[in-house]
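Worksheet for the structure shown next.
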Amino acid sequence: MITDTDMKHLRRCVELAAESLANGDDPFGSLIVSGQGEVLAEARNQVSGGDQTRHPEFELARWAAANMTPEARRDATVYTSGEHCPMCAAAHGWVGLGRIVYASSSEQFVLWNKELGAPASPVRNLPVQDVIRDAVVDGPVPELAEAVRKLHRQSRS
């Protein structure tokens, strides 16, 4: 169930995705929130430099591993404009982060890319639950997914 607090954090993720697009990257943004509700870190896509692993969810997983205890990671929530790709989902699972909340799904992303004539990703898009055992996941959120879709349209024009 998506709460008002979830919506606030997801809106910030969409803002980060827009910042990413404005900086020449694909529009993805994420943040990590402690079990006590404090925003601990934010990240946006940074693949334009040539390193295709610079996804925000992957960056946050690495940040969490270096800066949080295992218990704090388990209690945290990762919010993101788009559902984790398999690489990011694996990183999330390996460091033991908690709940994932996303504005748009990987299934939507695949459909949008097809509509826009974009090349297929070299990595299969899988639901997070197909990568992380016992993942707690909420999303997509239709009202925000449409905003994310518009950003992806802008990135292809």
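Residue numbering restarts at 1 for every chain of the structure tokens, chains are lettered A, B, ... in their displayed order, and ligands are numbered from 1 as they appear.
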
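Residues lying within 8 Å of A:Ala43, counting only C-alpha atoms and ignoring same-chain neighbours fewer than 3 positions away, are Leu16, Gly29, Ser30, Leu31, Pro56, Glu57, Glu59 and Leu60 of chain A.
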
Please save N, CA, C and O atoms of the selected residues as a PDB file, in the first residue's frame.
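The new file selection.pdb reads:
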```
ATOM      1  N   LEU A  16      14.562  13.904  -9.095  1.00  0.00           N
ATOM      2  CA  LEU A  16      15.944  13.474  -9.352  1.00  0.00           C
ATOM      3  C   LEU A  16      16.093  12.924 -10.769  1.00  0.00           C
ATOM      4  O   LEU A  16      17.114  13.155 -11.425  1.00  0.00           O
ATOM      5  N   GLY A  29      15.993   8.360 -10.811  1.00  0.00           N
ATOM      6  CA  GLY A  29      16.413   8.920  -9.538  1.00  0.00           C
ATOM      7  C   GLY A  29      15.907   8.068  -8.390  1.00  0.00           C
ATOM      8  O   GLY A  29      14.837   7.462  -8.486  1.00  0.00           O
ATOM      9  N   SER A  30      16.682   8.012  -7.314  1.00  0.00           N
ATOM     10  CA  SER A  30      16.357   7.158  -6.171  1.00  0.00           C
ATOM     11  C   SER A  30      16.819   7.794  -4.879  1.00  0.00           C
ATOM     12  O   SER A  30      17.703   8.650  -4.869  1.00  0.00           O
ATOM     13  N   LEU A  31      16.253   7.321  -3.780  1.00  0.00           N
ATOM     14  CA  LEU A  31      16.726   7.724  -2.464  1.00  0.00           C
ATOM     15  C   LEU A  31      16.501   6.599  -1.471  1.00  0.00           C
ATOM     16  O   LEU A  31      15.729   5.680  -1.723  1.00  0.00           O
ATOM     17  N   PRO A  56      21.277   4.730 -10.091  1.00  0.00           N
ATOM     18  CA  PRO A  56      21.121   5.259  -8.729  1.00  0.00           C
ATOM     19  C   PRO A  56      20.876   4.173  -7.681  1.00  0.00           C
ATOM     20  O   PRO A  56      21.380   4.267  -6.556  1.00  0.00           O
ATOM     21  N   GLU A  57      20.146   3.132  -8.030  1.00  0.00           N
ATOM     22  CA  GLU A  57      19.863   2.072  -7.054  1.00  0.00           C
ATOM     23  C   GLU A  57      21.136   1.309  -6.691  1.00  0.00           C
ATOM     24  O   GLU A  57      21.320   0.925  -5.539  1.00  0.00           O
ATOM     25  N   GLU A  59      24.201   2.620  -6.841  1.00  0.00           N
ATOM     26  CA  GLU A  59      24.983   3.566  -6.037  1.00  0.00           C
ATOM     27  C   GLU A  59      24.493   3.574  -4.587  1.00  0.00           C
ATOM     28  O   GLU A  59      25.294   3.593  -3.651  1.00  0.00           O
ATOM     29  N   LEU A  60      23.172   3.549  -4.394  1.00  0.00           N
ATOM     30  CA  LEU A  60      22.627   3.549  -3.034  1.00  0.00           C
ATOM     31  C   LEU A  60      22.927   2.250  -2.305  1.00  0.00           C
ATOM     32  O   LEU A  60      23.179   2.270  -1.094  1.00  0.00           O
TER      33      LEU A  60
END
```

In Å, rounded to a single decimal, give me how far atom CA of A:Glu143 is from atom CA of A:Val14. 11.3 Å

Hey, what does DSSP flag as helix (DSSP H, G or I) within stretch 72-142 of chain A? Can you give it to me as a PyMOL selection string? chain A and resi 72-75+86-95+106-116+128-130+142

List the neighbours of A:Tyr79 out to 7 Å using only C-alpha atoms; skip same-chain residues closer than 6 positions along the sequence, and give me the result as a CSV table (one decimal) with N, CA and C atoms, in the first residue's frame.
```
chain,number,residue,atom,x,y,z
A,9,HIS,N,8.2,10.8,-1.1
A,9,HIS,CA,9.6,10.4,-1.5
A,9,HIS,C,9.6,10.0,-3.0
A,10,LEU,N,8.6,9.4,-3.5
A,10,LEU,CA,8.5,9.1,-4.9
A,10,LEU,C,8.5,10.4,-5.8
A,13,CYS,N,12.0,11.4,-6.1
A,13,CYS,CA,12.7,10.5,-7.1
A,13,CYS,C,12.4,11.0,-8.5
A,30,SER,N,16.7,8.0,-7.3
A,30,SER,CA,16.4,7.2,-6.2
A,30,SER,C,16.8,7.8,-4.9
A,31,LEU,N,16.3,7.3,-3.8
A,31,LEU,CA,16.7,7.7,-2.5
A,31,LEU,C,16.5,6.6,-1.5
A,32,ILE,N,17.2,6.7,-0.4
A,32,ILE,CA,17.1,5.7,0.7
A,32,ILE,C,16.7,6.4,2.0
A,100,ILE,N,11.3,-1.9,-1.2
A,100,ILE,CA,11.5,-1.1,-2.4
A,100,ILE,C,10.1,-0.5,-2.9
A,101,VAL,N,10.1,0.8,-3.2
A,101,VAL,CA,8.9,1.4,-3.7
A,101,VAL,C,9.3,2.1,-4.9
A,102,TYR,N,8.5,1.9,-6.0
A,102,TYR,CA,8.9,2.5,-7.3
A,102,TYR,C,7.7,3.1,-8.0
```

Which parts of chain A does DSSP call strand (DSSP E or B) when run on the backbone here, written out as a VMD selection string? chain A and resid 29 to 33 39 to 44 77 to 82 100 to 104 137 to 138

Name the residues in contact with A:Leu151 at a cut-off of 7 Å, using only C-alpha atoms, excluding same-chain residues fewer than 4 positions from it; report them as a PyMOL selection string. chain A and resi 18+27+147+155

Non-local contacts of A:Val95 (12 Å; only C-alpha atoms; under 4 positions in same chain excluded) as a VMD selection string: chain A and resid 57 to 74 76 88 to 91 132

Using N, CA and C atoms, can you write the selected residues to a file as a CSV table (one decimal), in the first residue's frame?
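Wrote result15.csv, looks like this:
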```
chain,number,residue,atom,x,y,z
A,57,GLU,N,20.1,3.1,-8.0
A,57,GLU,CA,19.9,2.1,-7.1
A,57,GLU,C,21.1,1.3,-6.7
A,58,PHE,N,22.0,1.1,-7.7
A,58,PHE,CA,23.3,0.4,-7.4
A,58,PHE,C,24.2,1.3,-6.5
A,59,GLU,N,24.2,2.6,-6.8
A,59,GLU,CA,25.0,3.6,-6.0
A,59,GLU,C,24.5,3.6,-4.6
A,60,LEU,N,23.2,3.5,-4.4
A,60,LEU,CA,22.6,3.5,-3.0
A,60,LEU,C,22.9,2.3,-2.3
A,61,ALA,N,22.9,1.1,-3.0
A,61,ALA,CA,23.3,-0.1,-2.4
A,61,ALA,C,24.7,-0.1,-1.9
A,62,ARG,N,25.6,0.4,-2.7
A,62,ARG,CA,27.0,0.5,-2.3
A,62,ARG,C,27.2,1.5,-1.1
A,63,TRP,N,26.4,2.6,-1.2
A,63,TRP,CA,26.5,3.6,-0.1
A,63,TRP,C,26.0,3.0,1.2
A,64,ALA,N,24.9,2.2,1.1
A,64,ALA,CA,24.3,1.6,2.3
A,64,ALA,C,25.3,0.6,2.9
A,65,ALA,N,26.0,-0.2,2.1
A,65,ALA,CA,26.9,-1.2,2.5
A,65,ALA,C,28.1,-0.5,3.3
A,66,ALA,N,28.5,0.6,2.9
A,66,ALA,CA,29.6,1.3,3.5
A,66,ALA,C,29.2,2.2,4.7
A,67,ASN,N,27.9,2.5,4.8
A,67,ASN,CA,27.5,3.5,5.8
A,67,ASN,C,26.4,3.1,6.8
A,68,MET,N,25.9,1.9,6.6
A,68,MET,CA,24.8,1.5,7.5
A,68,MET,C,25.1,0.1,8.0
A,69,THR,N,24.5,-0.2,9.2
A,69,THR,CA,24.6,-1.5,9.8
A,69,THR,C,23.7,-2.4,9.1
A,70,PRO,N,23.9,-3.7,9.2
A,70,PRO,CA,22.9,-4.7,8.6
A,70,PRO,C,21.5,-4.5,9.0
A,71,GLU,N,21.3,-4.2,10.3
A,71,GLU,CA,20.0,-3.9,10.8
A,71,GLU,C,19.4,-2.7,10.2
A,72,ALA,N,20.1,-1.6,10.2
A,72,ALA,CA,19.6,-0.4,9.6
A,72,ALA,C,19.3,-0.6,8.1
A,73,ARG,N,20.1,-1.3,7.4
A,73,ARG,CA,19.8,-1.6,6.0
A,73,ARG,C,18.5,-2.4,5.8
A,74,ARG,N,18.3,-3.4,6.7
A,74,ARG,CA,17.0,-4.2,6.6
A,74,ARG,C,15.8,-3.3,6.9
A,76,ALA,N,15.5,-0.1,6.2
A,76,ALA,CA,15.4,1.0,5.3
A,76,ALA,C,14.5,0.7,4.1
A,88,CYS,N,20.7,-3.9,-10.3
A,88,CYS,CA,20.4,-3.1,-9.1
A,88,CYS,C,19.7,-3.9,-8.0
A,89,ALA,N,18.8,-4.8,-8.5
A,89,ALA,CA,18.0,-5.6,-7.6
A,89,ALA,C,19.0,-6.6,-6.9
A,90,ALA,N,19.9,-7.1,-7.6
A,90,ALA,CA,20.9,-8.0,-7.0
A,90,ALA,C,21.7,-7.3,-5.9
A,91,ALA,N,22.2,-6.1,-6.2
A,91,ALA,CA,23.0,-5.3,-5.3
A,91,ALA,C,22.1,-5.0,-4.0
A,132,ILE,N,15.3,-10.9,-6.1
A,132,ILE,CA,15.5,-11.0,-4.6
A,132,ILE,C,14.4,-11.8,-4.0
```

If we count only C-alpha atoms and set the cut-off at 8 Å, which residues sit around A:Arg149, ignoring sequence neighbours fewer than 4 positions away in its own chain? Please answer as a VMD selection string. chain A and resid 109 112 145 153

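Residues within 10 Å of A:Glu146, counting only C-alpha atoms and excluding same-chain residues fewer than 6 positions away, are Ala103, Ser104, Gln108 and His152 of chain A.
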
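Minimum atom-to-atom distances from A:Pro127, A:Gly24, A:Pro142, A:Pro122 to A:Glu107 were compared using only C-alpha atoms, and the lowest value belongs to A:Pro127.
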
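A straight line drawn from atom CA of A:Asp4 to atom CA of A:Leu144 is 13.0 Å long.
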
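In terms of minimum interatomic distance to A:Cys85, A:Val128 ranks closest within A:Met1, A:Ala118, A:Val128, A:Leu97, counting only C-alpha atoms.
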
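For the choices A:Pro140, A:Val148, A:Pro86, A:Asp130, the atom-to-atom distance to A:Ser20 is smallest for A:Val148 when using only C-alpha atoms.
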